[in-house]
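Pasting model.cif here (mmCIF, C-alpha atoms):
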data_data
loop_
_atom_site.label_atom_id
_atom_site.label_comp_id
_atom_site.auth_asym_id
_atom_site.auth_seq_id
_atom_site.Cartn_x
_atom_site.Cartn_y
_atom_site.Cartn_z
CA MET F 1 28.76 -8.85 1.57
CA LYS F 2 26.53 -6.02 0.44
CA LEU F 3 22.81 -6.59 0.13
CA ALA F 4 22.89 -5.96 -3.63
CA HIS F 5 25.56 -8.64 -4.10
CA GLN F 6 23.64 -11.08 -1.90
CA ILE F 7 20.46 -10.58 -3.90
CA ASN F 8 22.29 -10.91 -7.23
CA LEU F 9 24.08 -14.06 -6.09
CA ALA F 10 20.87 -15.63 -4.80
CA PHE F 11 19.03 -14.73 -8.01
CA SER F 12 21.86 -16.13 -10.17
CA ILE F 13 21.95 -19.43 -8.27
CA ALA F 14 18.16 -19.73 -8.46
CA LEU F 15 18.23 -18.95 -12.19
CA VAL F 16 20.96 -21.54 -12.90
CA LEU F 17 19.12 -24.20 -10.90
CA LEU F 18 15.84 -23.42 -12.63
CA LEU F 19 17.34 -23.52 -16.11
CA SER F 20 19.26 -26.71 -15.33
CA ILE F 21 16.19 -28.51 -14.05
CA THR F 22 14.18 -27.25 -17.03
CA ALA F 23 16.89 -28.43 -19.46
CA VAL F 24 16.98 -31.92 -17.92
CA VAL F 25 13.19 -32.19 -18.01
CA ILE F 26 13.03 -31.00 -21.63
CA HIS F 27 15.79 -33.43 -22.60
CA PHE F 28 13.83 -36.44 -21.34
CA VAL F 29 10.53 -35.09 -22.67
CA LEU F 30 12.03 -34.64 -26.15
CA LEU F 31 13.67 -38.06 -26.04
CA ASN F 32 10.46 -39.77 -24.96
CA HIS F 33 8.54 -37.88 -27.62
CA PHE F 34 10.89 -38.91 -30.43
CA VAL F 35 11.03 -42.51 -29.21
CA GLY F 36 7.26 -42.63 -29.05
CA THR F 37 6.97 -41.13 -32.51
CA GLN F 38 9.48 -43.64 -33.89
CA LYS F 39 7.57 -46.53 -32.28
CA GLU F 40 4.33 -45.31 -33.85
CA GLU F 41 6.06 -45.19 -37.22
CA LEU F 42 7.44 -48.72 -36.76
CA ARG F 43 4.00 -49.93 -35.74
CA SER F 44 2.50 -48.40 -38.88
CA ILE F 45 5.21 -49.94 -41.10
CA SER F 46 4.78 -53.29 -39.40
CA SER F 47 1.04 -53.28 -40.01
CA ALA F 48 1.52 -52.33 -43.67
CA MET F 49 4.15 -55.02 -44.27
CA SER F 50 2.08 -57.66 -42.48
CA ALA F 51 -0.94 -56.83 -44.60
CA THR F 52 1.14 -56.99 -47.78
CA MET F 53 2.61 -60.32 -46.82
CA ILE F 54 -0.79 -61.84 -46.04
CA HIS F 55 -2.23 -60.50 -49.27
CA GLY F 56 0.68 -61.82 -51.38
CA THR F 57 0.55 -65.27 -49.76
CA ALA F 58 -3.18 -65.57 -50.31
CA HIS F 59 -2.87 -64.82 -54.04
CA LYS F 60 0.37 -66.60 -54.89
CA GLY F 61 0.27 -69.35 -52.28
CA ASN F 62 4.06 -69.44 -52.17
CA ILE F 63 5.54 -68.65 -48.75
CA GLU F 64 9.12 -68.96 -49.98
CA THR F 65 8.48 -66.19 -52.48
CA GLU F 66 7.27 -63.89 -49.72
CA LEU F 67 10.26 -64.72 -47.60
CA HIS F 68 12.72 -63.65 -50.29
CA ALA F 69 10.58 -60.67 -51.22
CA LEU F 70 10.76 -59.07 -47.70
CA PRO F 71 12.96 -56.16 -48.82
CA ALA F 72 10.66 -55.47 -51.74
CA ILE F 73 7.46 -55.15 -49.66
CA MET F 74 8.90 -52.56 -47.25
CA PRO F 75 7.46 -49.05 -47.76
CA SER F 76 9.59 -46.63 -49.72
CA SER F 77 10.10 -44.40 -46.65
CA VAL F 78 11.82 -47.14 -44.67
CA GLY F 79 15.09 -46.83 -46.45
CA ILE F 80 15.30 -43.20 -45.54
CA ALA F 81 14.28 -43.86 -41.94
CA SER F 82 17.07 -46.48 -41.45
CA VAL F 83 14.53 -49.10 -40.47
CA GLU F 84 15.62 -52.74 -40.63
CA ALA F 85 13.24 -55.71 -40.86
CA ILE F 86 13.79 -59.33 -39.72
CA LEU F 87 11.41 -62.20 -40.32
CA SER F 88 11.97 -65.22 -38.06
CA ASP F 89 10.18 -68.37 -37.04
CA GLU F 90 9.05 -69.29 -33.54
CA THR F 91 12.45 -70.78 -32.68
CA GLY F 92 14.25 -67.55 -33.54
CA LYS F 93 15.63 -68.76 -36.85
CA VAL F 94 15.94 -65.87 -39.30
CA LEU F 95 13.92 -66.57 -42.43
CA SER F 96 14.56 -63.28 -44.21
CA SER F 97 15.91 -59.77 -43.60
CA SER F 98 15.83 -56.38 -45.30
CA SER F 99 18.67 -55.11 -47.43
CA ASN F 100 19.33 -52.38 -44.83
CA MET F 101 20.76 -54.85 -42.32
CA SER F 102 24.21 -53.74 -41.36
CA SER F 103 24.56 -53.54 -37.61
CA ILE F 104 23.31 -57.07 -36.98
CA ALA F 105 25.01 -60.13 -38.46
CA VAL F 106 22.20 -62.28 -39.83
CA ASN F 107 22.26 -65.76 -41.35
CA SER F 108 19.03 -66.65 -43.09
CA ASN F 109 19.51 -70.32 -42.45
CA THR F 110 20.64 -70.20 -38.80
CA GLN F 111 19.77 -68.49 -35.55
CA PHE F 112 21.70 -65.45 -34.28
CA VAL F 113 25.21 -66.39 -33.39
CA ALA F 114 26.08 -65.76 -29.72
CA GLY F 115 28.55 -62.95 -29.21
CA GLN F 116 27.49 -61.03 -32.30
CA THR F 117 26.67 -57.31 -32.25
CA SER F 118 23.13 -57.94 -31.03
CA ASP F 119 20.93 -60.90 -30.18
CA LEU F 120 17.41 -61.21 -31.55
CA GLN F 121 16.05 -62.47 -28.23
CA ASN F 122 17.40 -59.39 -26.46
CA ILE F 123 15.75 -57.22 -29.08
CA TRP F 124 12.45 -59.01 -28.57
CA ASN F 125 12.75 -58.58 -24.80
CA GLY F 126 13.51 -54.86 -25.22
CA THR F 127 16.75 -55.14 -23.21
CA ASP F 128 18.95 -53.92 -26.06
CA ALA F 129 18.97 -50.15 -25.50
CA ARG F 130 20.65 -49.51 -28.85
CA TYR F 131 17.48 -50.17 -30.84
CA ILE F 132 13.84 -49.12 -30.93
CA THR F 133 11.87 -52.21 -31.90
CA GLU F 134 8.41 -53.30 -32.98
CA VAL F 135 7.56 -57.04 -33.00
CA LYS F 136 4.47 -58.32 -34.82
CA ALA F 137 3.28 -61.89 -35.36
CA THR F 138 2.37 -62.83 -38.94
CA PRO F 139 1.10 -66.09 -40.56
CA ILE F 140 4.56 -66.60 -41.98
CA GLY F 141 6.50 -65.84 -38.76
CA THR F 142 7.53 -63.07 -36.40
CA LEU F 143 8.20 -59.73 -38.06
CA THR F 144 10.69 -57.57 -36.16
CA LEU F 145 11.29 -53.95 -37.14
CA LEU F 146 14.09 -51.99 -35.51
CA THR F 147 15.83 -48.70 -35.93
CA PRO F 148 19.05 -47.50 -34.22
CA MET F 149 18.54 -45.38 -31.09
CA SER F 150 21.37 -43.16 -32.29
CA ALA F 151 19.17 -41.90 -35.12
CA VAL F 152 16.66 -40.58 -32.58
CA THR F 153 19.22 -39.22 -30.15
CA SER F 154 21.02 -37.32 -32.90
CA ILE F 155 17.78 -35.53 -33.82
CA GLU F 156 16.97 -34.89 -30.16
CA GLN F 157 20.47 -33.55 -29.43
CA ALA F 158 20.36 -31.23 -32.44
CA LEU F 159 17.06 -29.78 -31.26
CA PHE F 160 18.24 -29.70 -27.65
CA LYS F 161 21.34 -27.69 -28.63
CA ARG F 162 19.08 -25.09 -30.24
CA LEU F 163 16.97 -24.99 -27.09
CA LEU F 164 20.12 -24.53 -24.99
CA ILE F 165 21.05 -21.53 -27.09
CA VAL F 166 17.58 -20.10 -26.46
CA PHE F 167 17.96 -20.88 -22.72
CA VAL F 168 21.34 -19.19 -22.52
CA ALA F 169 20.02 -16.09 -24.28
CA ALA F 170 16.91 -16.02 -22.07
CA GLY F 171 19.04 -16.61 -18.95
CA ALA F 172 21.38 -13.77 -19.87
CA PHE F 173 18.43 -11.48 -20.45
CA MET F 174 16.81 -12.49 -17.15
CA LEU F 175 20.11 -11.98 -15.32
CA LEU F 176 20.53 -8.48 -16.76
CA PHE F 177 16.91 -7.73 -16.00
CA GLY F 178 17.42 -9.00 -12.44
CA LEU F 179 20.45 -6.76 -12.00
CA PHE F 180 18.38 -3.83 -13.23
CA ILE F 181 15.53 -4.62 -10.83
CA THR F 182 17.98 -5.13 -7.97
CA LYS F 183 19.54 -1.76 -8.67
CA LYS F 184 16.10 -0.15 -8.71
CA LEU F 185 15.29 -1.78 -5.36
CA ILE F 186 18.64 -1.21 -3.68
CA GLN F 187 19.12 2.38 -4.82
CA PRO F 188 16.28 3.73 -2.62
CA LEU F 189 17.69 1.72 0.30
CA MET F 190 21.13 3.25 -0.26
CA LYS F 191 19.59 6.72 -0.33
CA LEU F 192 17.58 5.86 2.78
CA GLN F 193 20.80 4.82 4.50
CA GLU F 194 22.27 8.26 3.77
CA GLU F 195 19.20 9.93 5.27
CA LEU F 196 19.46 7.74 8.37
CA LYS F 197 23.08 8.86 8.76
CA LYS F 198 21.77 12.42 8.90
CA VAL F 199 19.37 11.35 11.65
CA LYS F 200 22.25 9.71 13.52
CA GLU F 201 24.26 12.94 13.25
CA ARG F 202 21.19 14.90 14.47
CA HIS F 203 20.83 16.84 11.21
CA PHE F 204 17.08 16.37 11.29
CA SER F 205 16.22 19.35 9.12
CA ASP F 206 18.44 18.03 6.29
CA VAL F 207 16.57 14.72 5.94
CA LYS F 208 14.79 14.41 2.59
CA LEU F 209 11.86 12.25 1.52
CA ILE F 210 13.03 9.31 -0.63
CA LYS F 211 10.53 8.53 -3.36
CA ALA F 212 9.99 4.79 -3.73
CA GLY F 213 7.13 2.36 -4.07
CA GLY F 214 5.78 -0.39 -1.83
CA GLU F 215 7.16 -1.12 1.61
CA ILE F 216 10.40 0.78 0.93
CA GLY F 217 8.38 3.91 0.18
CA ALA F 218 6.40 3.43 3.41
CA VAL F 219 9.62 3.05 5.41
CA ALA F 220 11.13 6.11 3.70
CA LYS F 221 8.05 8.16 4.57
CA SER F 222 8.19 6.94 8.17
CA VAL F 223 11.85 7.94 8.40
CA TYR F 224 11.04 11.36 6.96
CA ASN F 225 8.17 11.86 9.41
CA MET F 226 10.34 10.62 12.28
CA ALA F 227 13.05 13.12 11.36
CA GLY F 228 10.45 15.88 11.34
CA GLU F 229 9.19 14.86 14.77
CA LEU F 230 12.74 14.65 16.12
CA ASN F 231 13.49 18.07 14.65
CA ARG F 232 10.42 19.53 16.32
CA PHE F 233 11.26 17.76 19.58
CA ASN F 234 14.82 19.06 19.41
CA HIS F 235 13.51 22.57 18.79
CA VAL F 236 11.08 22.26 21.70
CA GLN F 237 13.84 20.98 23.97
CA LYS F 238 16.10 23.91 23.07
CA GLN F 239 13.24 26.30 23.57
CA PHE F 240 12.43 24.62 26.87
CA PHE F 241 15.96 25.09 28.19
CA GLN F 242 16.02 28.69 26.97
CA ASN F 243 12.69 29.45 28.62
CA ALA F 244 13.64 27.53 31.75
CA SER F 245 16.90 29.41 32.08
CA HIS F 246 15.03 32.68 31.59
CA GLU F 247 12.37 31.78 34.16
CA LEU F 248 15.02 30.65 36.64
CA LYS F 249 17.26 33.60 35.97
CA THR F 250 14.66 36.24 36.92
CA PRO F 251 14.03 35.12 40.53
CA LEU F 252 17.72 34.31 41.02
CA MET F 253 18.66 37.84 39.98
CA SER F 254 16.12 39.29 42.39
CA ILE F 255 17.33 37.10 45.24
CA SER F 256 20.97 37.80 44.48
CA GLY F 257 20.40 41.57 44.11
CA TYR F 258 18.51 42.03 47.36
CA ALA F 259 20.88 39.72 49.26
CA GLU F 260 23.94 41.71 48.11
CA GLY F 261 22.15 45.00 48.90
CA ILE F 262 21.36 43.89 52.44
CA LYS F 263 24.90 42.59 52.93
CA ASP F 264 26.48 45.80 51.69
CA GLY F 265 24.20 47.93 53.85
CA ILE F 266 22.37 49.54 50.93
CA PHE F 267 18.98 48.71 52.47
CA GLU F 268 18.18 49.94 55.97
CA GLY F 269 15.15 49.73 58.20
CA GLU F 270 11.99 48.88 56.26
CA GLY F 271 14.06 48.38 53.11
CA ILE F 272 15.67 45.36 54.70
CA ASP F 273 12.28 43.84 55.60
CA LYS F 274 11.01 44.52 52.08
CA GLY F 275 14.10 42.95 50.57
CA LEU F 276 13.74 39.86 52.75
CA ASP F 277 10.08 39.55 51.75
CA ILE F 278 11.05 39.67 48.09
CA ILE F 279 13.80 37.10 48.67
CA MET F 280 11.28 34.80 50.36
CA SER F 281 8.71 35.33 47.61
CA GLU F 282 11.16 34.71 44.80
CA SER F 283 12.54 31.67 46.63
CA SER F 284 9.02 30.21 46.83
CA ARG F 285 8.47 30.97 43.15
CA LEU F 286 11.81 29.39 42.29
CA LYS F 287 11.01 26.31 44.35
CA LYS F 288 7.61 25.94 42.69
CA LEU F 289 9.14 26.33 39.24
CA VAL F 290 11.80 23.70 39.89
CA THR F 291 9.18 21.34 41.35
CA GLU F 292 6.96 21.71 38.29
CA MET F 293 9.87 21.23 35.89
CA THR F 294 10.94 18.09 37.77
CA LEU F 295 7.40 16.72 37.75
CA LEU F 296 7.00 17.41 34.03
CA ALA F 297 10.29 15.66 33.28
CA LYS F 298 9.24 12.63 35.34
CA LEU F 299 5.85 12.46 33.63
CA ASP F 300 7.61 12.36 30.27
CA SER F 301 10.26 9.78 31.14
CA GLU F 302 9.37 7.65 34.17
CA GLU F 303 6.77 4.90 34.04
CA ASP F 304 6.51 4.02 37.72
CA ILE F 305 5.64 7.58 38.76
CA PHE F 306 2.10 7.09 37.44
CA ARG F 307 0.03 4.57 39.45
CA THR F 308 -3.46 4.09 38.13
CA SER F 309 -6.57 2.93 39.95
CA GLU F 310 -10.32 3.16 39.49
CA LEU F 311 -11.71 6.42 40.84
CA SER F 312 -14.91 8.43 40.77
CA LEU F 313 -14.70 11.58 38.68
CA ASP F 314 -17.55 13.08 40.71
CA ASP F 315 -15.57 12.72 43.96
CA LEU F 316 -12.54 14.26 42.26
CA VAL F 317 -14.58 17.33 41.27
CA ILE F 318 -15.87 17.71 44.83
CA GLU F 319 -12.32 17.58 46.25
CA THR F 320 -11.15 20.12 43.67
CA ILE F 321 -13.92 22.53 44.71
CA GLU F 322 -13.00 22.14 48.39
CA ARG F 323 -9.35 22.96 47.70
CA MET F 324 -10.12 25.89 45.43
CA ASN F 325 -12.81 27.38 47.66
CA PRO F 326 -10.49 29.76 49.61
CA LEU F 327 -9.10 31.22 46.38
CA LEU F 328 -12.61 31.55 44.93
CA ILE F 329 -13.81 33.44 48.02
CA LYS F 330 -10.73 35.67 47.97
CA LYS F 331 -11.38 36.67 44.34
CA GLY F 332 -15.14 36.82 44.70
CA LEU F 333 -15.84 34.16 42.09
CA THR F 334 -18.78 31.77 41.91
CA LEU F 335 -18.21 28.15 40.85
CA HIS F 336 -21.08 26.31 39.15
CA VAL F 337 -21.08 22.52 38.88
CA SER F 338 -23.50 20.57 36.66
CA TYR F 339 -23.90 16.96 35.57
CA ASP F 340 -25.83 15.28 32.80
CA ASP F 341 -28.38 12.66 33.81
CA CYS F 342 -26.04 9.69 34.04
CA GLU F 343 -24.59 7.26 36.52
CA PRO F 344 -21.50 8.25 38.55
CA LEU F 345 -18.52 8.48 36.23
CA THR F 346 -15.74 5.95 36.92
CA ILE F 347 -12.36 6.22 35.20
CA ARG F 348 -8.86 4.77 35.62
CA ALA F 349 -6.08 7.21 36.50
CA ASP F 350 -3.59 8.28 39.17
CA ARG F 351 -5.81 10.06 41.69
CA ASP F 352 -3.22 12.50 43.05
CA LYS F 353 -1.84 13.38 39.61
CA LEU F 354 -5.28 13.87 38.06
CA LEU F 355 -6.34 16.02 41.01
CA GLN F 356 -3.30 18.20 40.40
CA ALA F 357 -4.19 18.45 36.70
CA LEU F 358 -7.75 19.53 37.55
CA LEU F 359 -6.49 22.03 40.14
CA ASN F 360 -4.17 23.54 37.52
CA VAL F 361 -7.03 23.94 35.04
CA VAL F 362 -9.42 25.48 37.60
CA SER F 363 -6.64 27.68 38.98
CA ASN F 364 -5.98 28.93 35.45
CA ALA F 365 -9.71 29.73 35.11
CA THR F 366 -9.71 31.75 38.36
CA ARG F 367 -6.89 33.86 36.96
CA TYR F 368 -8.97 35.12 34.02
CA ALA F 369 -12.64 34.77 35.10
CA ASP F 370 -14.69 37.91 35.78
CA GLN F 371 -17.36 36.44 38.07
CA HIS F 372 -18.22 32.85 37.17
CA ILE F 373 -16.53 29.52 36.59
CA TYR F 374 -18.41 26.48 35.25
CA ILE F 375 -17.58 22.79 35.65
CA HIS F 376 -19.70 20.39 33.62
CA ALA F 377 -19.46 16.56 33.53
CA SER F 378 -21.07 14.41 30.84
CA VAL F 379 -20.73 11.17 28.86
CA LYS F 380 -20.45 11.05 25.07
CA ASP F 381 -19.51 8.09 22.87
CA GLY F 382 -18.13 6.13 25.81
CA GLN F 383 -15.98 9.08 26.95
CA ALA F 384 -16.29 10.86 30.29
CA LEU F 385 -16.03 14.56 29.48
CA LEU F 386 -15.16 17.20 32.06
CA SER F 387 -15.15 20.83 30.92
CA VAL F 388 -13.96 23.88 32.87
CA SER F 389 -15.02 27.29 31.48
CA ASP F 390 -15.07 30.90 32.62
CA ASP F 391 -16.63 34.21 31.64
CA GLY F 392 -13.32 35.98 31.05
CA PRO F 393 -11.82 37.43 27.87
CA GLY F 394 -11.05 33.99 26.41
CA ILE F 395 -7.90 32.71 24.73
CA SER F 396 -6.31 34.63 21.87
CA GLU F 397 -6.23 32.86 18.52
CA ASP F 398 -2.44 33.23 18.35
CA LEU F 399 -1.98 31.55 21.72
CA LEU F 400 -4.61 28.81 21.33
CA PRO F 401 -2.52 26.28 19.27
CA TYR F 402 0.37 26.47 21.78
CA LEU F 403 -1.60 26.73 25.03
CA PHE F 404 -0.44 23.36 26.39
CA HIS F 405 3.21 23.81 25.43
CA ARG F 406 5.83 24.42 28.10
CA PHE F 407 6.43 27.99 29.26
CA VAL F 408 3.57 29.27 27.12
CA LYS F 409 1.47 31.61 29.22
CA GLY F 410 -1.02 34.39 28.86
CA LYS F 411 -0.88 37.95 30.12
CA ASP F 412 -1.38 37.05 33.80
CA GLY F 413 0.21 33.61 33.69
CA GLU F 414 2.75 32.38 36.21
CA SER F 415 5.29 29.75 35.19
CA GLY F 416 3.66 28.55 31.97
CA LEU F 417 3.99 24.92 33.10
CA GLY F 418 0.61 24.31 34.76
CA LEU F 419 -1.36 23.43 31.62
CA ALA F 420 1.59 21.52 30.18
CA ILE F 421 1.59 19.36 33.33
CA SER F 422 -2.20 18.92 33.04
CA ARG F 423 -1.86 17.72 29.44
CA ALA F 424 0.88 15.22 30.38
CA ILE F 425 -1.25 13.82 33.24
CA VAL F 426 -4.44 13.56 31.16
CA GLU F 427 -2.64 11.85 28.28
CA ARG F 428 -0.92 9.41 30.68
CA SER F 429 -4.44 8.58 31.91
CA GLY F 430 -5.42 7.60 28.39
CA GLY F 431 -7.42 10.78 27.82
CA LEU F 432 -7.27 13.92 25.72
CA ILE F 433 -7.33 17.60 26.63
CA SER F 434 -8.30 20.48 24.38
CA ALA F 435 -8.93 24.22 24.66
CA GLY F 436 -11.22 26.66 22.94
CA ASN F 437 -13.49 29.68 23.46
CA ARG F 438 -17.16 29.75 24.43
CA LYS F 439 -19.74 31.36 22.18
CA ASP F 440 -20.80 33.59 25.05
CA GLY F 441 -17.19 34.59 25.73
CA GLY F 442 -14.54 33.10 27.93
CA ALA F 443 -12.24 30.10 27.68
CA VAL F 444 -13.19 26.43 27.96
CA ILE F 445 -10.83 23.50 28.57
CA THR F 446 -12.22 19.99 28.05
CA MET F 447 -10.77 16.73 29.31
CA GLY F 448 -12.00 13.36 28.03
CA PHE F 449 -11.36 9.94 29.61
CA PRO F 450 -12.42 6.37 28.77
CA THR F 451 -15.25 5.41 31.11
CA LEU F 452 -15.48 2.26 33.22
CA SER F 453 -18.53 0.51 34.63
CA PRO F 454 -19.11 1.69 38.21
CA THR F 455 -17.93 -0.83 40.81
#
Here is a file; write its structure as structure tokens.
Amino acid sequence: MKLAHQINLAFSIALVLLLSITAVVIHFVLLNHFVGTQKEELRSISSAMSATMIHGTAHKGNIETELHALPAIMPSSVGIASVEAILSDETGKVLSSSSNMSSIAVNSNTQFVAGQTSDLQNIWNGTDARYITEVKATPIGTLTLLTPMSAVTSIEQALFKRLLIVFVAAGAFMLLFGLFITKKLIQPLMKLQEELKKVKERHFSDVKLIKAGGEIGAVAKSVYNMAGELNRFNHVQKQFFQNASHELKTPLMSISGYAEGIKDGIFEGEGIDKGLDIIMSESSRLKKLVTEMTLLAKLDSEEDIFRTSELSLDDLVIETIERMNPLLIKKGLTLHVSYDDCEPLTIRADRDKLLQALLNVVSNATRYADQHIYIHASVKDGQALLSVSDDGPGISEDLLPYLFHRFVKGKDGESGLGLAISRAIVERSGGLISAGNRKDGGAVITMGFPTLSPT
């Protein structure tokens, strides 16, 4: 069953139950109200008749006259209200009754006959549900007023029928309103389902933003943003394979060309040695490129390749300098290391991977520096910051936003994967890496890591 039908069915059942319970409650409330009102009226009539009887007896002194005058002393409204009056002695013998008596067979000289329509004792006890009664003791006897329950129920049912009509109209309106609201809620979900089908079919660029409110709007925006990220990722992946194929194709062509030339005898003497040197060089370049691509893929997809431990960032800088020293001497560069006044910096990372990331950054600096390279370590806002800068030409503004992307390289770059690998390693360590240009000229790459208390 569709979600819209489920919601409509659930709302309809809830509405029917609510209206049914409300109708039952109102029925009993109305009935109790009318019965209570009728009892109050009987109580008022009883008090008035009792007072009249006492007053008449006191002036005339003739009880028999008051007994026969019972119909005459009833208020004028009683006839309309279908109220019947019975005056009886303490034994239950009927002394007098009103002229409205019809439903009860009464004999003024005898008690109620058993088996008749109603029994006076049952009326006094309140066990006869057909009548609403009021019993009052008077000097003459017991005055019993009663009115048929059917008179009250007929009024209550007439009013209740009108209320049912109102309920049905209100229920129909609420049901139509519920269907309208359900449609307004479900329609964005249906549109969102269509957009998710586009995501499933990898048509990321065709996904549109569904405008909706509340949580549905938030989900729609998340889907739209996710499609944008997937589209960018898909584009990057395609670009990666294109660049990778290009980078792999160049050394393979060189190797293949020189190998065929040597085989066919095109190269002789020193030409053969030169061709073999190029084959060896391109093979090393190809091996390095494949190794870096494999490492980058593992850093992106495998969890167990990264094994973290607590390590000293100061010791890592010292080891980096030792490994880079031969290249620095060969190029005639001077490396300057400085620290802020702080305790030894301790971070959590994979030592070998982070060392490779730092070597890539420093190696990149040696490629563009004129004379000096600077490494500076500091602590700021609970972050261990390590910056590597040089006095070279700096990074062009066009290249700066894409510096850490795969196969993005400057004029003298090699594979274009070194800084991409460094970014992946730093981010897997819980840190951030950024690039910029110094005010005095030259590039600066900064890595930040969460610090730990030294152990």
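Of the residues listed (F:Ile347, F:Ile318, F:Leu399, F:Met293), F:Ile318 shows the shortest atom-to-atom separation from F:Ile375; distances use all atoms listed in the file.
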Taking the file as shown, find all residues satisfying the PyMOL selection byres ((chain F and resi 307) around 12) and write them as a list in words. Leu299, Glu302, Glu303, Asp304, Ile305, Phe306, Thr308, Ser309, Glu310, Leu311, Arg348, Ala349, Asp350, Arg351, Asp352, Lys353, Leu354, Ile425, Arg428 and Ser429 of chain F
Taking all atoms listed in the file into account, which of F:Leu176, F:Met53, F:Ile181, F:Leu209 comes nearest F:Thr142?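 For F:Thr142, the nearest of the candidates is F:Met53.
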Name every residue that the PyMOL selection byres ((chain F and resi 345) around 9) selects in this structure, writing the answer as a VMD selection string with chains first and numbers rising. chain F and resid 311 to 314 342 to 344 346 to 347 377 to 379 384 451 to 454
Pairwise distance for atom CA of F:Ile421 and atom CA of F:Gly382, rounded to one decimal in Å: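 That distance, rounded to one decimal, is 24.9 Å.
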Ranking F:His27, F:Val83, F:Gly442, F:Val207 by minimum distance to F:Arg43 and counting all atoms listed in the file, which one comes first?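 Among F:His27, F:Val83, F:Gly442, F:Val207, it is F:Val83 that comes nearest to F:Arg43.
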So, counting only C-alpha atoms, which residue among F:Val337, F:Ala435, F:Ala357, F:Leu385 is closest to F:Gly418? F:Ala357
For a test of reading the model, state the distance in Å between atom CA of F:Leu419 and atom CA of F:His376, rounded to one decimal. 18.7 Å
Here is a test: counting only C-alpha atoms, which residue of F:Tyr224, F:Phe449, F:Tyr258, F:Phe173 is nearest to F:Asp273?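 Nearest candidate to F:Asp273 out of F:Tyr224, F:Phe449, F:Tyr258, F:Phe173: F:Tyr258.
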Please write the residues picked by the PyMOL selection byres ((chain F and resi 211-214) around 10) on this file as a PyMOL selection string. chain F and resi 184-185+187-189+191-192+208-210+215-221
Output file for the selection above: C-alpha atoms, as an mmCIF file, in the coordinates of the input:
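Everything below was put into result_8.cif:
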data_model
loop_
_atom_site.group_PDB
_atom_site.id
_atom_site.type_symbol
_atom_site.label_atom_id
_atom_site.label_comp_id
_atom_site.auth_asym_id
_atom_site.auth_seq_id
_atom_site.Cartn_x
_atom_site.Cartn_y
_atom_site.Cartn_z
ATOM 1 C CA LYS F 184 16.100 -0.150 -8.710
ATOM 2 C CA LEU F 185 15.290 -1.780 -5.360
ATOM 3 C CA GLN F 187 19.120 2.380 -4.820
ATOM 4 C CA PRO F 188 16.280 3.730 -2.620
ATOM 5 C CA LEU F 189 17.690 1.720 0.300
ATOM 6 C CA LYS F 191 19.590 6.720 -0.330
ATOM 7 C CA LEU F 192 17.580 5.860 2.780
ATOM 8 C CA LYS F 208 14.790 14.410 2.590
ATOM 9 C CA LEU F 209 11.860 12.250 1.520
ATOM 10 C CA ILE F 210 13.030 9.310 -0.630
ATOM 11 C CA GLU F 215 7.160 -1.120 1.610
ATOM 12 C CA ILE F 216 10.400 0.780 0.930
ATOM 13 C CA GLY F 217 8.380 3.910 0.180
ATOM 14 C CA ALA F 218 6.400 3.430 3.410
ATOM 15 C CA VAL F 219 9.620 3.050 5.410
ATOM 16 C CA ALA F 220 11.130 6.110 3.700
ATOM 17 C CA LYS F 221 8.050 8.160 4.570
#
